[in-house]
>>> print(open('start-v5.txt').read())   # compact mmCIF, C-alpha atoms and all ligand atoms
# COMPACT_ATOMS: atom_id res chain seq x y z
CA MET A 1 -24.55 -13.81 -37.62
CA SER A 2 -23.59 -13.52 -33.99
CA ARG A 3 -22.14 -16.19 -31.78
CA ASP A 4 -22.47 -16.29 -28.02
CA VAL A 5 -18.95 -15.60 -26.78
CA LYS A 6 -19.88 -14.29 -23.34
CA CYS A 7 -17.58 -15.41 -20.54
CA ARG A 8 -18.48 -18.96 -19.49
CA ALA A 9 -18.06 -17.93 -15.84
CA GLY A 10 -21.25 -15.90 -16.20
CA CYS A 11 -19.84 -12.40 -16.77
CA GLN A 12 -21.56 -10.06 -19.21
CA GLU A 13 -18.29 -9.71 -21.07
CA THR A 14 -16.75 -11.32 -24.09
CA GLU A 15 -14.49 -14.21 -23.15
CA THR A 16 -11.18 -12.79 -24.34
CA ALA A 17 -7.80 -13.72 -22.86
CA ALA A 18 -7.61 -10.18 -21.44
CA HIS A 19 -10.95 -10.60 -19.68
CA VAL A 20 -10.13 -14.06 -18.36
CA ILE A 21 -6.68 -13.12 -17.07
CA GLN A 22 -7.26 -9.55 -15.91
CA ASN A 23 -10.91 -9.08 -15.02
CA CYS A 24 -12.84 -12.27 -14.51
CA HIS A 25 -14.05 -13.04 -10.99
CA ARG A 26 -12.74 -16.58 -11.40
CA THR A 27 -9.15 -15.41 -11.54
CA HIS A 28 -9.27 -12.73 -8.85
CA GLY A 29 -7.35 -14.93 -6.39
CA GLY A 30 -4.77 -15.70 -9.04
CA ARG A 31 -4.24 -11.99 -9.68
CA VAL A 32 -3.57 -11.41 -5.99
CA LEU A 33 -1.04 -14.26 -5.98
CA ARG A 34 0.64 -12.91 -9.10
CA HIS A 35 0.84 -9.43 -7.56
CA ASN A 36 2.31 -10.77 -4.32
CA ALA A 37 4.84 -12.92 -6.19
CA VAL A 38 6.03 -9.92 -8.19
CA CYS A 39 6.35 -7.82 -5.00
CA HIS A 40 8.37 -10.62 -3.45
CA VAL A 41 10.87 -10.78 -6.36
CA LEU A 42 11.10 -6.98 -6.43
CA ALA A 43 11.68 -6.65 -2.68
CA ALA A 44 14.36 -9.36 -2.74
CA GLY A 45 16.16 -7.58 -5.59
CA LEU A 46 16.00 -4.23 -3.80
CA ARG A 47 17.41 -5.73 -0.62
CA ARG A 48 20.27 -7.24 -2.61
CA ALA A 49 20.88 -3.77 -4.04
CA GLY A 50 21.32 -2.47 -0.49
CA TRP A 51 17.87 -0.99 0.17
CA SER A 52 15.86 -1.50 3.32
CA VAL A 53 12.34 -2.39 2.29
CA GLU A 54 9.14 -1.91 4.29
CA GLU A 55 5.65 -2.91 3.28
CA PRO A 56 3.36 -0.76 5.42
CA VAL A 57 -0.39 -1.00 5.85
CA ILE A 58 -2.15 2.36 5.93
CA PRO A 59 -5.70 2.69 7.28
CA THR A 60 -7.77 5.00 5.07
CA ARG A 61 -11.44 5.94 4.92
CA GLU A 62 -11.87 3.23 2.28
CA GLY A 63 -10.22 0.57 4.44
CA ASN A 64 -6.66 -0.59 4.79
CA ARG A 65 -4.44 0.35 1.94
CA LYS A 66 -1.13 -1.29 1.29
CA PRO A 67 1.30 0.75 -0.74
CA ASP A 68 3.53 -2.00 -1.94
CA MET A 69 6.78 -0.88 -0.52
CA VAL A 70 8.85 1.94 0.85
CA CYS A 71 12.57 1.53 0.21
CA TYR A 72 15.16 3.58 1.95
CA LYS A 73 18.88 3.84 1.98
CA GLU A 74 20.96 6.43 3.82
CA ASP A 75 18.97 9.68 3.57
CA THR A 76 16.71 8.85 0.60
CA ALA A 77 13.44 7.01 0.27
CA THR A 78 11.42 5.77 -2.68
CA VAL A 79 7.85 4.53 -2.69
CA ILE A 80 7.26 1.77 -5.23
CA ASP A 81 3.86 0.45 -6.16
CA THR A 82 3.54 -2.71 -8.17
CA GLN A 83 0.77 -3.03 -10.69
CA ILE A 84 0.06 -5.47 -13.46
CA VAL A 85 -2.12 -3.62 -15.91
CA SER A 86 -4.46 -4.72 -18.63
CA ALA A 87 -3.38 -2.77 -21.68
CA ASP A 88 0.13 -2.18 -22.93
CA SER A 89 -0.99 1.25 -24.10
CA SER A 90 -2.00 2.34 -20.60
CA LEU A 91 1.33 1.60 -18.93
CA ASN A 92 2.31 5.20 -18.35
CA ASP A 93 -1.26 6.33 -17.64
CA SER A 94 -1.51 3.77 -14.87
CA HIS A 95 1.68 5.04 -13.35
CA GLN A 96 0.38 8.60 -13.56
CA ARG A 97 -2.82 7.58 -11.74
CA LYS A 98 -0.74 6.26 -8.86
CA ARG A 99 1.26 9.46 -8.72
CA ASN A 100 -1.93 11.50 -8.69
CA TYR A 101 -3.17 9.38 -5.83
CA TYR A 102 -0.19 10.32 -3.73
CA ALA A 103 -0.48 13.95 -4.76
CA LYS A 104 -4.05 13.91 -3.38
CA ASN A 105 -3.10 11.95 -0.27
CA PRO A 106 0.13 13.60 0.71
CA ASP A 107 0.06 12.29 4.28
CA GLU A 108 0.38 8.68 3.35
CA PRO A 109 3.93 7.77 2.52
CA PRO A 110 5.46 10.92 4.05
CA LYS A 111 4.29 9.89 7.54
CA LEU A 112 6.25 6.71 7.29
CA VAL A 113 9.20 8.47 5.73
CA GLU A 114 9.20 11.08 8.49
CA LYS A 115 9.17 8.28 11.03
CA LEU A 116 12.30 6.97 9.36
CA GLY A 117 13.85 10.42 9.81
CA ILE A 118 14.20 11.05 6.09
CA ASP A 119 13.75 14.55 4.70
CA LEU A 120 10.66 14.71 2.48
CA LYS A 121 12.62 16.43 -0.24
CA ASN A 122 14.58 13.19 -0.61
CA LEU A 123 11.42 11.17 -1.20
CA THR A 124 10.62 9.95 -4.71
CA PHE A 125 7.88 7.78 -6.19
CA THR A 126 8.00 5.19 -8.88
CA SER A 127 6.20 2.03 -9.75
CA CYS A 128 6.85 -1.39 -11.11
CA THR A 129 4.25 -1.32 -13.89
CA VAL A 130 4.08 -4.28 -16.22
CA SER A 131 1.28 -5.39 -18.51
CA TRP A 132 -0.18 -8.86 -18.12
CA ARG A 133 1.73 -9.78 -21.28
CA GLY A 134 5.04 -8.75 -19.75
CA VAL A 135 5.50 -5.35 -21.38
CA TRP A 136 7.15 -2.75 -19.16
CA ALA A 137 6.70 0.98 -18.93
CA THR A 138 10.20 1.87 -20.17
CA LYS A 139 10.69 4.98 -18.08
CA LEU A 140 9.82 3.08 -14.93
CA GLN A 141 12.19 0.28 -15.85
CA GLU A 142 14.91 2.93 -16.01
CA ASP A 143 13.96 4.16 -12.53
CA LEU A 144 14.40 0.66 -11.14
CA LEU A 145 17.73 0.14 -12.92
CA ARG A 146 18.94 3.41 -11.43
CA MET A 147 18.03 2.04 -8.00
CA GLY A 148 20.50 -0.78 -8.60
CA LEU A 149 18.22 -3.54 -9.83
CA THR A 150 19.80 -5.67 -12.52
CA LYS A 151 18.34 -6.43 -15.93
CA ASN A 152 18.24 -10.07 -14.85
CA LEU A 153 16.07 -9.17 -11.90
CA LEU A 154 13.71 -7.24 -14.18
CA SER A 155 13.59 -10.26 -16.49
CA SER A 156 12.66 -12.48 -13.61
CA ILE A 157 9.81 -10.09 -12.78
CA THR A 158 8.64 -10.33 -16.40
CA THR A 159 8.81 -14.12 -16.18
CA ARG A 160 6.80 -14.11 -12.96
CA VAL A 161 4.12 -11.88 -14.51
CA LEU A 162 3.82 -14.19 -17.51
CA GLN A 163 3.71 -17.29 -15.31
CA GLY A 164 0.99 -15.69 -13.20
CA SER A 165 -1.01 -14.72 -16.27
CA HIS A 166 -0.67 -18.24 -17.62
CA THR A 167 -1.72 -19.73 -14.29
CA ASN A 168 -4.81 -17.51 -14.31
CA TRP A 169 -5.67 -18.77 -17.77
CA SER A 170 -5.26 -22.43 -16.75
CA ARG A 171 -7.21 -21.95 -13.53
CA PHE A 172 -10.05 -20.34 -15.41
CA ASN A 173 -10.36 -23.37 -17.64
CA ARG A 174 -10.32 -25.78 -14.71
CA MET A 175 -12.87 -23.90 -12.61
CA THR A 176 -16.62 -24.20 -12.83
CA ASN A 177 -17.86 -21.41 -10.54
CA MET A 178 -20.30 -18.91 -11.99
CA LYS A 179 -20.84 -15.28 -11.27
CA HIS A 180 -23.87 -14.43 -9.17
CA ARG A 181 -23.16 -10.84 -8.23
CA SER A 182 -22.84 -7.78 -10.39
CA PRO A 183 -19.39 -7.18 -11.87
CA THR A 184 -16.88 -5.41 -9.68
CA ARG A 185 -14.21 -3.15 -10.98
CA GLU A 186 -10.94 -4.98 -11.20
CA GLY A 187 -8.10 -5.04 -13.61
CA ILE A 188 -5.13 -3.52 -11.83
CA GLY A 189 -2.96 -5.69 -9.64
ZN ZN A 201 -15.59 -13.76 -16.70
>>> encode(input="start-v5.txt", output="structure tokens", more="lines below")
Ligand SMILES: [Zn+2]
Amino acid sequence: MSRDVKCRAGCQETETAAHVIQNCHRTHGGRVLRHNAVCHVLAAGLRRAGWSVEEPVIPTREGNRKPDMVCYKEDTATVIDTQIVSADSSLNDSHQRKRNYYAKNPDEPPKLVEKLGIDLKNLTFTSCTVSWRGVWATKLQEDLLRMGLTKNLLSSITTRVLQGSHTNWSRFNRMTNMKHRSPTREGIG
């Protein structure tokens, strides 16, 4: 016996919490808001820890790309991308994908870092990678603690992720719009 559990927003996907919160077209706007809110908390914490924080926009062949932030202090710089991922098990994979991206696009952050007069050998990359259920990639959490962020600040990021996920869930249930176009690839952010 099979029951129709396809997403009520018209997606050809099963209506799971993961789909609703991380992939559904209805909650795309909510995911952007959640991402921006997390960046905001992170940037504020980094500034309190003495970092200067820039959020550049980089034009690429695929359109404008916004690496979330470049932090610098004295003669060092760190690029931090924020991502809220779908599966707890892919936390480190997602981080690795970001690193690979920079390895393939070496001009991107270095240009900005050079402009700041920082030696490229003092440039590092990390990311603030949290699952939609608030699980962190442990190694990355350690990177952020080493940068001077407090455990409290990391907890407030977790809280903001969970709030955003919950908001997406509530919005989904209040909305009535249906999908008319083919599914787009989403899920990170
Ligand atoms: Zn859907």
>>> residues_near_ligand(input="start-v5.txt", ligand="ligand ZN 201 (chain A)", cutoff="10 Å", atoms="all atoms listed in the file", output="number ranges by chain")
A: 6-27, 172, 178-179, 183
>>> residues_around(input="start-v5.txt", residues="range 139-152 of chain A", least_positions_apart="4", cutoff="8 Å", atoms="all atoms listed in the file", output="compact mmCIF listing (two decimals) with C-alpha atoms, in the frame of the given file")
# COMPACT_ATOMS: atom_id res chain seq x y z
CA GLY A 45 16.16 -7.58 -5.59
CA LEU A 46 16.00 -4.23 -3.80
CA ALA A 49 20.88 -3.77 -4.04
CA THR A 126 8.00 5.19 -8.88
CA SER A 127 6.20 2.03 -9.75
CA CYS A 128 6.85 -1.39 -11.11
CA THR A 129 4.25 -1.32 -13.89
CA SER A 156 12.66 -12.48 -13.61
>>> atom_distance(input="start-v5.txt", atom1="CA of Glu74 in chain A", atom2="CA of Asn105 in chain A")
25.0 Å
>>> closest_residue(input="start-v5.txt", among="A:Gly117, A:Gly29, A:Gly50, A:Gly134", to="Asp75 in chain A", atoms="only C-alpha atoms")
A:Gly117
>>> atom_distance(input="start-v5.txt", atom1="CA of Leu120 in chain A", atom2="CA of Ala44 in chain A")
24.9 Å
>>> atom_distance(input="start-v5.txt", atom1="CA of Thr76 in chain A", atom2="CA of Asn122 in chain A")
5.0 Å
